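Chemist: Structure file target.txt, compact mmCIF, C-alpha atoms, is pasted below:
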# COMPACT_ATOMS: atom_id res chain seq x y z
CA THR Y 28 0.00 0.00 0.00
CA GLY Y 29 1.18 3.55 -0.74
CA ASP Y 30 1.74 6.38 1.70
CA SER Y 31 -0.07 9.02 -0.31
CA GLY Y 32 -3.59 7.73 0.39
CA ASP Y 33 -4.22 7.14 -3.32
CA THR Y 34 -6.21 4.11 -4.35
CA PRO Y 35 -4.52 1.56 -6.56
CA GLY Y 36 -6.45 2.91 -9.50
CA GLY Y 37 -4.91 6.37 -9.07
CA GLY Y 38 -6.44 9.72 -9.72
CA GLY Y 39 -8.82 9.87 -6.72
CA ASP Y 40 -8.10 10.49 -3.07
CA THR Y 41 -9.52 8.37 -0.30
CA PRO Y 42 -11.36 10.22 2.43
CA GLY Y 43 -8.35 9.97 4.66
CA GLY Y 44 -5.81 10.84 2.02
CA GLY Y 45 -5.93 14.62 2.28
CA GLY Y 46 -7.43 15.22 -1.19
CA ASP Y 47 -10.87 16.45 -2.06
CA THR Y 48 -13.37 14.19 -3.69
CA PRO Y 49 -14.91 15.96 -6.70
CA THR Y 50 -18.60 16.73 -6.26
CA PRO Y 51 -20.42 15.42 -9.33
CA VAL Y 52 -23.12 17.57 -10.92
CA PRO Y 53 -26.37 15.61 -10.76
CA THR Y 54 -27.54 14.74 -14.24
CA PRO Y 55 -30.74 12.97 -15.22
CA PRO Y 56 -30.27 9.86 -17.35
CA VAL Y 57 -31.21 9.79 -21.00
CA ASP Y 58 -34.56 8.15 -21.44
CA PRO Y 59 -34.67 5.34 -24.01
CA GLY Y 60 -38.42 5.66 -24.39
CA GLY Y 61 -39.78 2.63 -22.60
CA ASP Y 62 -42.53 3.29 -20.09
CA THR Y 63 -42.66 1.52 -16.77
CA PRO Y 64 -46.01 0.35 -15.43
CA GLY Y 65 -45.91 3.25 -12.93
CA GLY Y 66 -45.98 5.82 -15.68
CA GLY Y 67 -42.27 6.68 -15.74
CA ASP Y 68 -39.58 5.72 -18.29
CA THR Y 69 -37.01 3.01 -17.72
CA PRO Y 70 -33.43 4.29 -18.13
CA SER Y 71 -30.84 2.45 -20.15
CA GLY Y 72 -28.21 2.43 -17.43
CA GLY Y 73 -27.07 5.22 -15.17
CA ASP Y 74 -28.46 6.44 -11.90
CA THR Y 75 -32.05 7.29 -11.07
CA PRO Y 76 -32.88 10.94 -11.75
CA PRO Y 77 -31.80 13.28 -8.93
CA ALA Y 78 -34.29 15.05 -6.74
CA ASP Y 79 -32.65 18.32 -7.80
CA GLY Y 80 -33.84 17.98 -11.37
CA ALA Y 81 -37.39 17.11 -10.34
CA LYS Y 82 -37.60 20.03 -7.92
CA ILE Y 83 -36.46 22.49 -10.58
CA VAL Y 84 -39.03 21.11 -13.03
CA LEU Y 85 -41.74 21.58 -10.40
CA GLU Y 86 -41.04 25.31 -10.28
CA GLY Y 87 -42.80 25.71 -13.63
CA ARG Y 88 -45.93 24.10 -12.22
CA VAL Y 89 -45.81 26.20 -9.07
CA ALA Y 90 -45.39 29.35 -11.17
CA SER Y 91 -48.36 28.66 -13.43
CA LEU Y 92 -50.65 27.86 -10.48
CA ALA Y 93 -49.51 30.99 -8.63
CA ILE Y 94 -50.21 33.16 -11.68
CA ILE Y 95 -53.68 31.77 -12.38
CA ALA Y 96 -54.68 31.91 -8.70
CA GLY Y 97 -53.39 35.47 -8.36
CA ILE Y 98 -55.30 36.58 -11.44
CA GLY Y 99 -58.48 35.31 -9.79
CA ASN Y 100 -57.88 37.77 -6.94
CA TRP Y 101 -57.48 40.66 -9.34
CA LEU Y 102 -60.57 39.76 -11.35
CA ALA Y 103 -62.71 39.51 -8.22
CA ASP Y 104 -61.35 42.79 -6.87
CA HIS Y 105 -61.70 44.89 -9.99
CA SER Y 106 -64.04 43.28 -12.52
CA TYR Y 107 -67.08 44.27 -10.46
CA LYS Y 108 -65.83 47.82 -10.12
CA SER Y 109 -65.16 47.97 -13.86
CA ALA Y 110 -68.67 46.74 -14.57
CA ASP Y 111 -70.16 49.25 -12.14
CA MET Y 112 -68.29 52.08 -13.84
CA ALA Y 113 -69.62 50.99 -17.22
CA LEU Y 114 -73.15 50.89 -15.81
CA LYS Y 115 -72.66 54.20 -13.96
CA GLU Y 116 -73.51 52.42 -10.73
CA GLY Y 117 -72.95 54.41 -7.58
CA ASN Y 118 -73.23 53.37 -3.98
CA PRO Y 119 -76.59 51.59 -3.45
CA LEU Y 120 -76.78 53.18 0.00
CA THR Y 121 -76.82 56.69 -1.47
CA HIS Y 122 -78.49 55.88 -4.82
CA PRO Y 123 -80.78 52.87 -4.29
CA PRO Y 124 -82.70 51.44 -7.27
CA SER Y 125 -86.11 53.00 -7.76
CA SER Y 126 -89.08 52.52 -10.03
CA GLY Y 127 -87.56 55.06 -12.43
CA ASP Y 128 -84.49 52.95 -13.10
CA GLU Y 129 -84.38 51.04 -16.34
CA ASP Y 130 -82.58 48.02 -17.72
CA ARG Y 131 -80.16 49.78 -20.09
CA GLY Y 132 -78.97 46.58 -21.74
CA TRP Y 133 -75.38 45.50 -22.06
CA ASP Y 134 -72.46 47.91 -21.55
CA PRO Y 135 -68.75 47.21 -22.17
CA PHE Y 136 -66.02 47.34 -19.56
CA ALA Y 137 -62.28 46.66 -19.57
CA GLY Y 138 -59.23 46.69 -17.34
CA VAL Y 139 -55.47 46.03 -17.36
CA ASP Y 140 -53.03 45.31 -14.55
CA VAL Y 141 -49.24 44.95 -14.29
CA GLY Y 142 -47.33 43.60 -11.30
CA VAL Y 143 -44.06 42.34 -9.84
CA PHE Y 144 -44.16 39.62 -7.17
CA TRP Y 145 -41.76 37.44 -5.20
CA THR Y 146 -42.33 34.12 -3.44
CA HIS Y 147 -39.87 32.56 -0.98
CA LYS Y 148 -41.07 29.03 -0.30
CA GLY Y 149 -38.15 26.68 -1.00
CA SER Y 150 -36.86 28.52 -4.06
CA LYS Y 151 -36.80 32.28 -4.61
CA ASN Y 152 -39.11 33.10 -7.49
CA LYS Y 153 -39.82 36.46 -9.12
CA TYR Y 154 -42.85 37.10 -11.35
CA ARG Y 155 -43.59 39.98 -13.70
CA THR Y 156 -47.20 39.91 -14.89
CA PHE Y 157 -49.59 41.61 -17.30
CA THR Y 158 -53.33 40.89 -17.16
CA PHE Y 159 -56.36 42.18 -19.06
CA ILE Y 160 -60.11 41.74 -18.91
CA ALA Y 161 -62.83 42.89 -21.30
CA GLY Y 162 -66.50 42.12 -21.16
CA LEU Y 163 -70.15 43.12 -21.26
CA ALA Y 164 -72.22 43.78 -18.14
CA ARG Y 165 -75.93 44.16 -17.53
CA GLN Y 166 -77.79 45.33 -14.44
CA VAL Y 167 -81.38 44.30 -13.75
CA TYR Y 168 -83.20 46.44 -11.20
CA MET Y 169 -85.82 45.01 -8.86
CA PRO Y 170 -87.23 47.99 -6.93
CA ASN Y 171 -90.06 45.91 -5.50
CA HIS Y 172 -87.44 43.76 -3.78
CA ASN Y 173 -85.12 46.68 -2.96
CA SER Y 174 -82.33 45.00 -4.87
CA SER Y 175 -80.50 44.63 -8.17
CA PHE Y 176 -78.86 41.78 -10.06
CA LEU Y 177 -75.69 42.10 -12.16
CA ILE Y 178 -74.50 39.60 -14.74
CA ALA Y 179 -71.40 39.93 -16.93
CA ALA Y 180 -69.59 37.84 -19.53
CA PHE Y 181 -65.87 38.46 -19.99
CA ALA Y 182 -62.67 37.34 -21.67
CA ASP Y 183 -59.44 37.50 -19.71
CA GLY Y 184 -55.84 36.82 -20.61
CA GLY Y 185 -52.27 37.82 -20.07
CA PHE Y 186 -48.68 36.75 -19.84
CA ALA Y 187 -45.92 36.58 -17.23
CA HIS Y 188 -42.18 36.08 -17.00
CA TYR Y 189 -40.67 34.36 -13.98
CA ASP Y 190 -37.14 33.75 -12.64
CA VAL Y 191 -36.16 30.87 -10.34
CA ASP Y 192 -33.19 30.64 -7.98
CA ALA Y 193 -33.11 27.15 -6.47
CA ASP Y 194 -30.46 26.55 -3.79
CA LEU Y 195 -30.28 22.75 -3.65
CA GLY Y 196 -26.73 22.40 -2.38
CA ARG Y 197 -25.74 23.98 -5.67
CA LEU Y 198 -27.41 27.09 -7.04
CA TYR Y 199 -29.53 26.40 -10.10
CA ASP Y 200 -31.24 29.25 -11.89
CA GLY Y 201 -33.84 29.26 -14.58
CA ASP Y 202 -36.45 31.41 -16.21
CA GLY Y 203 -39.71 30.86 -17.95
CA SER Y 204 -42.80 32.44 -19.45
CA ILE Y 205 -46.51 31.89 -19.06
CA ARG Y 206 -49.34 32.82 -21.41
CA TYR Y 207 -52.99 32.24 -20.76
CA LEU Y 208 -56.36 33.01 -22.31
CA GLY Y 209 -59.82 32.25 -20.99
CA GLY Y 210 -63.25 33.59 -20.23
CA GLY Y 211 -66.11 33.32 -17.81
CA LEU Y 212 -69.25 34.66 -16.19
CA MET Y 213 -69.75 36.66 -13.01
CA THR Y 214 -72.87 37.59 -11.06
CA ARG Y 215 -73.81 39.72 -8.07
CA TYR Y 216 -77.03 40.20 -6.13
CA ARG Y 217 -77.12 43.42 -4.10
CA TRP Y 218 -79.68 44.76 -1.64
CA ASN Y 219 -80.28 48.45 -0.93
CA ASN Y 220 -79.18 47.99 2.70
CA GLY Y 221 -75.61 47.39 1.45
CA PHE Y 222 -75.45 43.58 1.66
CA ARG Y 223 -74.40 41.61 -1.44
CA LEU Y 224 -73.58 38.11 -2.67
CA GLU Y 225 -71.29 37.44 -5.62
CA GLY Y 226 -69.76 34.59 -7.63
CA SER Y 227 -67.85 33.81 -10.80
CA ALA Y 228 -66.71 30.88 -12.92
CA ARG Y 229 -63.97 30.92 -15.54
CA ALA Y 230 -61.91 28.48 -17.60
CA GLY Y 231 -59.14 28.60 -20.18
CA LYS Y 232 -55.76 27.28 -21.25
CA ILE Y 233 -52.32 28.14 -19.92
CA GLU Y 234 -48.97 27.56 -21.64
CA THR Y 235 -45.82 27.27 -19.50
CA LYS Y 236 -42.22 27.38 -20.73
CA PHE Y 237 -39.11 26.93 -18.59
CA THR Y 238 -35.33 26.73 -19.13
CA ALA Y 239 -32.54 25.97 -16.64
CA PRO Y 240 -29.34 26.54 -18.68
CA ASN Y 241 -26.91 25.48 -15.93
CA PHE Y 242 -28.64 22.14 -15.37
CA VAL Y 243 -27.05 19.92 -18.03
CA ALA Y 244 -27.97 16.26 -18.41
CA GLY Y 245 -25.80 13.34 -19.39
CA ASN Y 246 -26.92 13.69 -22.99
CA GLY Y 247 -25.49 17.22 -23.08
CA GLN Y 248 -28.91 18.88 -23.15
CA SER Y 249 -29.81 21.70 -20.78
CA LEU Y 250 -33.15 21.36 -19.04
CA HIS Y 251 -36.13 22.99 -20.74
CA PHE Y 252 -39.78 22.18 -21.38
CA ASP Y 253 -42.98 23.60 -22.84
CA PHE Y 254 -46.49 22.36 -22.07
CA GLU Y 255 -50.15 23.44 -22.08
CA THR Y 256 -52.93 22.57 -19.64
CA PRO Y 257 -56.51 23.71 -19.12
CA TYR Y 258 -57.46 25.49 -15.92
CA TYR Y 259 -60.72 26.07 -14.06
CA ALA Y 260 -61.53 28.60 -11.36
CA LEU Y 261 -64.46 29.55 -9.14
CA HIS Y 262 -65.04 32.20 -6.54
CA ASN Y 263 -67.89 33.23 -4.28
CA GLY Y 264 -68.16 35.91 -1.67
CA ALA Y 265 -70.25 38.20 0.46
CA GLY Y 266 -69.91 41.79 1.55
CA HIS Y 267 -71.62 44.63 3.37
CA ALA Y 268 -71.20 48.39 2.96
CA TRP Y 269 -72.04 51.03 5.57
CA MET Y 270 -72.44 54.78 5.24
CA LEU Y 271 -70.01 56.53 7.60
CA SER Y 272 -71.03 60.00 6.44
CA ASP Y 273 -72.71 61.67 3.48
CA ASN Y 274 -69.56 61.17 1.37
CA SER Y 275 -67.77 58.12 2.83
CA THR Y 276 -68.40 54.38 3.13
CA LEU Y 277 -66.82 51.33 4.74
CA ASP Y 278 -67.06 48.03 2.88
CA LEU Y 279 -66.34 44.66 4.57
CA LEU Y 280 -65.92 41.61 2.33
CA ALA Y 281 -65.01 37.91 2.43
CA ARG Y 282 -64.21 35.65 -0.54
CA TYR Y 283 -63.34 32.03 -1.23
CA PHE Y 284 -61.26 31.07 -4.32
CA TRP Y 285 -60.78 27.64 -5.91
CA THR Y 286 -58.39 27.04 -8.83
CA LYS Y 287 -57.45 23.79 -10.58
CA GLN Y 288 -54.96 22.74 -13.26
CA ASN Y 289 -55.35 19.32 -14.86
CA ALA Y 290 -52.75 16.55 -14.74
CA LYS Y 291 -50.24 16.53 -17.60
CA SER Y 292 -47.59 14.17 -18.99
CA PHE Y 293 -44.84 15.22 -21.42
CA ARG Y 294 -41.17 14.62 -22.27
CA LEU Y 295 -38.35 16.86 -21.08
CA SER Y 296 -35.45 18.00 -23.25
CA THR Y 297 -33.20 15.73 -21.14
CA GLY Y 298 -35.12 12.66 -22.31
CA GLU Y 299 -37.31 11.70 -19.36
CA ARG Y 300 -41.06 11.61 -19.38
CA LEU Y 301 -42.52 13.77 -16.64
CA SER Y 302 -46.04 13.50 -15.25
CA TYR Y 303 -47.69 16.26 -13.23
CA ASP Y 304 -50.52 15.51 -10.85
CA LYS Y 305 -53.49 17.86 -10.86
CA SER Y 306 -52.84 21.03 -8.84
CA ILE Y 307 -55.48 22.76 -6.73
CA SER Y 308 -55.39 26.08 -4.90
CA GLN Y 309 -57.92 26.97 -2.19
CA ARG Y 310 -57.80 30.42 -0.62
CA PHE Y 311 -59.89 32.53 1.72
CA ARG Y 312 -59.64 36.32 1.84
CA PHE Y 313 -61.29 38.89 4.06
CA GLY Y 314 -60.76 42.61 4.45
CA ALA Y 315 -62.12 46.14 4.44
CA ARG Y 316 -62.14 49.09 2.04
CA TYR Y 317 -62.77 52.73 2.91
CA THR Y 318 -64.04 55.05 0.14
CA LYS Y 319 -64.15 58.86 0.28
CA ILE Y 320 -65.98 60.98 -2.30
CA ARG Y 321 -64.02 64.20 -2.76
CA SER Y 322 -66.12 65.77 -5.51
CA GLU Y 323 -68.57 64.92 -8.27
CA ARG Y 324 -65.63 63.77 -10.37
CA PHE Y 325 -63.12 62.27 -7.94
CA SER Y 326 -63.12 59.74 -5.13
CA TYR Y 327 -60.40 57.63 -3.55
CA TYR Y 328 -60.21 54.41 -1.54
CA LEU Y 329 -57.92 52.67 0.95
CA GLY Y 330 -58.07 48.97 1.77
CA ALA Y 331 -56.45 46.23 3.84
CA HIS Y 332 -56.96 42.49 3.37
CA TYR Y 333 -55.62 39.15 4.59
CA GLU Y 334 -55.45 36.00 2.45
CA GLN Y 335 -54.82 32.43 3.63
CA GLU Y 336 -53.77 29.69 1.18
CA PHE Y 337 -54.84 26.22 2.34
CA ASP Y 338 -53.57 24.03 -0.50
CA ALA Y 339 -51.51 24.93 -3.61
CA GLU Y 340 -49.32 21.80 -3.60
CA SER Y 341 -47.81 20.21 -6.71
CA ARG Y 342 -46.33 16.79 -7.37
CA CYS Y 343 -44.58 15.28 -10.36
CA TYR Y 344 -43.32 11.79 -11.29
CA VAL Y 345 -40.02 11.10 -13.06
CA LEU Y 346 -39.20 7.44 -13.76
CA GLY Y 347 -42.16 6.59 -11.53
CA GLN Y 348 -40.60 8.38 -8.55
CA PRO Y 349 -42.82 11.06 -6.92
CA TYR Y 350 -41.43 14.49 -6.03
CA ASP Y 351 -43.25 17.26 -4.15
CA ALA Y 352 -42.85 20.97 -4.83
CA PRO Y 353 -42.62 23.52 -2.01
CA SER Y 354 -46.11 24.21 -0.70
CA MET Y 355 -47.54 27.70 -1.14
CA LYS Y 356 -49.58 27.38 2.05
CA GLY Y 357 -49.53 30.44 4.26
CA GLY Y 358 -50.78 33.96 4.65
CA THR Y 359 -50.39 37.18 2.68
CA GLY Y 360 -51.29 40.69 3.78
CA ILE Y 361 -52.49 43.14 1.13
CA GLY Y 362 -52.81 46.90 1.20
CA GLU Y 363 -54.39 48.99 -1.55
CA ILE Y 364 -54.93 52.60 -2.55
CA GLY Y 365 -56.69 54.01 -5.59
CA ILE Y 366 -58.48 56.93 -7.20
CA ILE Y 367 -61.64 56.97 -9.35
CA TYR Y 368 -62.54 59.59 -11.96
CA ARG Y 369 -66.06 59.98 -13.33
CA SER Y 370 -66.70 62.31 -16.22
CA THR Y 371 -69.25 65.05 -15.61
CA LYS Y 372 -69.73 66.24 -19.19
CA ASP Y 373 -71.61 63.26 -20.58
CA LYS Y 374 -71.33 60.86 -17.61
CA ARG Y 375 -70.38 58.04 -19.96
CA PHE Y 376 -66.69 57.60 -19.20
CA ASN Y 377 -65.17 56.36 -15.91
CA VAL Y 378 -61.62 55.35 -15.05
CA GLU Y 379 -59.90 53.99 -11.94
CA ALA Y 380 -56.18 53.71 -11.15
CA GLY Y 381 -54.99 51.63 -8.20
CA LEU Y 382 -51.90 50.23 -6.49
CA GLN Y 383 -51.55 47.13 -4.27
CA GLY Y 384 -48.73 45.92 -2.03
CA HIS Y 385 -48.28 42.33 -0.75
CA VAL Y 386 -46.31 40.95 2.21
CA GLY Y 387 -46.02 37.37 3.48
CA VAL Y 388 -45.92 34.27 1.29
CA ARG Y 389 -46.45 36.47 -1.76
CA ARG Y 390 -44.49 39.73 -1.78
CA GLY Y 391 -44.52 42.55 -4.27
CA ILE Y 392 -46.52 45.37 -5.83
CA SER Y 393 -49.02 45.69 -8.64
CA GLY Y 394 -50.84 48.54 -10.30
CA GLY Y 395 -53.62 48.77 -12.80
CA VAL Y 396 -56.22 50.81 -14.64
CA ARG Y 397 -59.91 49.99 -15.05
CA ILE Y 398 -62.13 51.65 -17.64
CA GLY Y 399 -65.91 51.77 -18.04
CA TRP Y 400 -67.84 53.19 -20.99
CA GLU Y 401 -71.57 53.39 -21.48
CA PHE Y 402 -73.04 53.52 -24.98
Is it possible to give me this structure as structure tokens?

Modeler:
Amino acid sequence: TGDSGDTPGGGGDTPGGGGDTPTPVPTPPVDPGGDTPGGGDTPSGGDTPPADGAKIVLEGRVASLAIIAGIGNWLADHSYKSADMALKEGNPLTHPPSSGDEDRGWDPFAGVDVGVFWTHKGSKNKYRTFTFIAGLARQVYMPNHNSSFLIAAFADGGFAHYDVDADLGRLYDGDGSIRYLGGGLMTRYRWNNGFRLEGSARAGKIETKFTAPNFVAGNGQSLHFDFETPYYALHNGAGHAWMLSDNSTLDLLARYFWTKQNAKSFRLSTGERLSYDKSISQRFRFGARYTKIRSERFSYYLGAHYEQEFDAESRCYVLGQPYDAPSMKGGTGIGEIGIIYRSTKDKRFNVEAGLQGHVGVRRGISGGVRIGWEF
């Protein structure tokens, strides 16, 4: 035996020999194409795929679910206000429906929103988003019941770019893009005493792309993928508004959100077949909004809300082995401020600009503009 601590084969140091053992970069095996009964592919030699690769792949699923769920918040917050602006609806406490009100038919409304968000659950992810909504709303007055009923049909869509920094013993970074397009219906029943019930349903398709250039497999390919899945989302809620003075109101609200993405199976650039389980997000939000009317044209609002995520877990299978993504469970605090302009010349045009800040599981800021126009 030698004194240097080298093995007979040379080139590598034993643990006691004073040299460092090189740390191999985990690389997924090249998939020959045969499927195992469990849904994964059987490798032609080599090691089983590392957990690192699977966790990075899961970031794309987490990102798409986070985007679709977050858009549901924005739609619930602002689609009703956009519709009200198109219908020239004021506060039902100060302007309750009367026998002189008429069903004016369908009026168009629209809104856009841009935002930057961060999540820090496992990996550090950054999202930059753009969202739009456009639709037609109709208000039916029921003076005999001291109430009104709103129904609206809308199309919504947008895109996002996200960056991932995954510290898994070695820092892997990646980036991706998300595009989605869908549509839905929303309703609201509101009484003159300020109480209301609301709900919406929407569906569409989302495309997710992701690339991790510094994760290179044994076949020399960097990790990237591109897939599409349908999504479905529901929300329902209740609220109550009180008059604090002749020109100010306080609105309390509570909402439940449910979002689902279907299961999906596809092949990665590194050769393996990956299978995503279905992903479901369930969230509850409650909060308050204070509105002050400054003049016939201008009013502003301030709001504070809390949101709790109960689910939002993702799982994928590579070579039949399950891997779980970091859960998005937890709470987020939200603050908002905005201003509303109503034209006085023809009373047909209304616009709102608002800003939101988020702290907690989801961190960041977003701002948007909502527009209403009555024909």

Chemist: Work out how far CA of Gly360 (chain Y) is from CA of Tyr327 (chain Y), in Å to one decimal.

Modeler: 20.6 Å

Chemist: For Val167 (chain Y), which residue out of Y:Lys356, Y:Arg312, Y:Lys153, Y:Arg217 is the nearest one, using all atoms listed in the file?

Modeler: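 Result for the nearest residue to Val167 (chain Y): Y:Arg217.
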
Chemist: CA of Glu234 (chain Y) to CA of Gly138 (chain Y): how many Å, to one decimal?

Modeler: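 Separation between CA of Glu234 (chain Y) and CA of Gly138 (chain Y): 22.1 Å.
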
Chemist: Name the closest residue to Glu363 (chain Y) among the candidates Y:Ser393, Y:Asn219, Y:Gln248, Y:Gln335; distances are taken between atoms, counting all atoms listed in the file.

Modeler: Y:Ser393

Chemist: Between region 274-302 of chain Y and region 344-350 of chain Y, at 9 Å or less, what are the per-residue closest atom pairs and their distances in Å? Count only C-alpha atoms, order by chain and rising residue number, and return it as a tab-separated table.

Modeler:
residue	atom	partner	partner_atom	distance
Y:Glu299	CA	Y:Val345	CA	6.9
Y:Arg300	CA	Y:Val345	CA	6.4
Y:Leu301	CA	Y:Val345	CA	5.1
Y:Ser302	CA	Y:Tyr344	CA	5.1

Chemist: Keeping C-alpha atoms for every residue in the selection just given, could you write it to a file as a PDB file, in the frame of the given file?

Modeler:
ATOM      1  CA  GLU Y 299     -37.310  11.700 -19.360  1.00  0.00           C
ATOM      2  CA  ARG Y 300     -41.060  11.610 -19.380  1.00  0.00           C
ATOM      3  CA  LEU Y 301     -42.520  13.770 -16.640  1.00  0.00           C
ATOM      4  CA  SER Y 302     -46.040  13.500 -15.250  1.00  0.00           C
TER       5      SER Y 302
END

Chemist: Please report the interatomic distance between CA of Gly264 (chain Y) and CA of Leu280 (chain Y) in Å with one decimal.

Modeler: 7.3 Å

Chemist: Using all atoms listed in the file, which residues sit within 9 Å of Gly357 (chain Y) once same-chain residues fewer than 3 positions away are excluded, as a PyMOL selection string?

Modeler: chain Y and resi 334-338+354+387-388

Chemist: Can you tell me which residues surround Glu225 (chain Y) at a distance of at most 10 Å, considering all atoms listed in the file, apart from same-chain residues fewer than 3 positions away, and format the answer as a list in words?

Modeler: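 The residues that qualify are Ala103, Tyr107, Phe176, Leu177, Ile178, Met213, Thr214, Arg215, Tyr216, Arg217, His262, Asn263, Gly264, Ala265, Gly266 and Arg282 of chain Y.
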
Chemist: Of the candidates Y:Ala290, Y:Leu85, Y:Ile320, Y:Ile98, which one gets nearest to Pro257 (chain Y) if we count all atoms listed in the file?

Modeler: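 Of all the options, Y:Ala290 lies closest to Pro257 (chain Y).
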
Chemist: When you count all atoms listed in the file, which of these residues is closest to Leu382 (chain Y): Y:Ala110, Y:Cys343, Y:Ile205, Y:Val141?

Modeler: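 Distance minimum relative to Leu382 (chain Y) lands on Y:Val141.
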
Chemist: Write out as a ChimeraX atom specification which residues come within 9 Å of Ala228 (chain Y) when counting all atoms listed in the file, dropping same-chain ones fewer than 4 positions away.

Modeler: /Y:210-213,259-262

Chemist: The residues within 12 Å of (-56.6, 44.4, -3.3), using all atoms listed in the file and the coordinates of the file, should be reported as number ranges by chain; which are they?

Modeler: Y: 97-106, 108, 140, 280, 282, 312-316, 328-334, 359-365, 381-385, 392-395

Chemist: Could you rebuild region 330-341 of chain Y with N, CA, C and O atoms and give me the result as an mmCIF file, in the coordinates of the input?

Modeler:
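For reference, part_30.cif as written:
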data_model
loop_
_atom_site.group_PDB
_atom_site.id
_atom_site.type_symbol
_atom_site.label_atom_id
_atom_site.label_comp_id
_atom_site.auth_asym_id
_atom_site.auth_seq_id
_atom_site.Cartn_x
_atom_site.Cartn_y
_atom_site.Cartn_z
ATOM 1 N N GLY Y 330 -57.618 50.285 1.360
ATOM 2 C CA GLY Y 330 -58.070 48.970 1.770
ATOM 3 C C GLY Y 330 -56.980 48.146 2.400
ATOM 4 O O GLY Y 330 -55.785 48.363 2.157
ATOM 5 N N ALA Y 331 -57.378 47.193 3.231
ATOM 6 C CA ALA Y 331 -56.450 46.230 3.840
ATOM 7 C C ALA Y 331 -57.138 44.872 3.866
ATOM 8 O O ALA Y 331 -58.325 44.769 4.213
ATOM 9 N N HIS Y 332 -56.393 43.823 3.485
ATOM 10 C CA HIS Y 332 -56.960 42.490 3.370
ATOM 11 C C HIS Y 332 -55.948 41.448 3.857
ATOM 12 O O HIS Y 332 -54.733 41.682 3.840
ATOM 13 N N TYR Y 333 -56.470 40.285 4.236
ATOM 14 C CA TYR Y 333 -55.620 39.150 4.590
ATOM 15 C C TYR Y 333 -56.092 37.936 3.795
ATOM 16 O O TYR Y 333 -57.300 37.685 3.682
ATOM 17 N N GLU Y 334 -55.130 37.184 3.251
ATOM 18 C CA GLU Y 334 -55.450 36.000 2.450
ATOM 19 C C GLU Y 334 -54.704 34.789 2.992
ATOM 20 O O GLU Y 334 -53.501 34.865 3.262
ATOM 21 N N GLN Y 335 -55.417 33.683 3.155
ATOM 22 C CA GLN Y 335 -54.820 32.430 3.630
ATOM 23 C C GLN Y 335 -54.935 31.364 2.546
ATOM 24 O O GLN Y 335 -56.034 31.089 2.053
ATOM 25 N N GLU Y 336 -53.808 30.795 2.144
ATOM 26 C CA GLU Y 336 -53.770 29.690 1.180
ATOM 27 C C GLU Y 336 -53.761 28.379 1.949
ATOM 28 O O GLU Y 336 -52.924 28.156 2.835
ATOM 29 N N PHE Y 337 -54.704 27.483 1.617
ATOM 30 C CA PHE Y 337 -54.840 26.220 2.340
ATOM 31 C C PHE Y 337 -54.250 25.036 1.585
ATOM 32 O O PHE Y 337 -54.040 23.965 2.171
ATOM 33 N N ASP Y 338 -53.976 25.187 0.298
ATOM 34 C CA ASP Y 338 -53.570 24.030 -0.500
ATOM 35 C C ASP Y 338 -52.369 24.401 -1.357
ATOM 36 O O ASP Y 338 -51.280 24.590 -0.844
ATOM 37 N N ALA Y 339 -52.546 24.492 -2.664
ATOM 38 C CA ALA Y 339 -51.510 24.930 -3.610
ATOM 39 C C ALA Y 339 -50.270 24.054 -3.536
ATOM 40 O O ALA Y 339 -49.141 24.538 -3.459
ATOM 41 N N GLU Y 340 -50.445 22.732 -3.561
ATOM 42 C CA GLU Y 340 -49.320 21.800 -3.600
ATOM 43 C C GLU Y 340 -49.242 21.163 -4.981
ATOM 44 O O GLU Y 340 -50.259 20.949 -5.654
ATOM 45 N N SER Y 341 -48.025 20.830 -5.406
ATOM 46 C CA SER Y 341 -47.810 20.210 -6.710
ATOM 47 C C SER Y 341 -46.926 18.980 -6.532
ATOM 48 O O SER Y 341 -46.054 18.950 -5.660
#
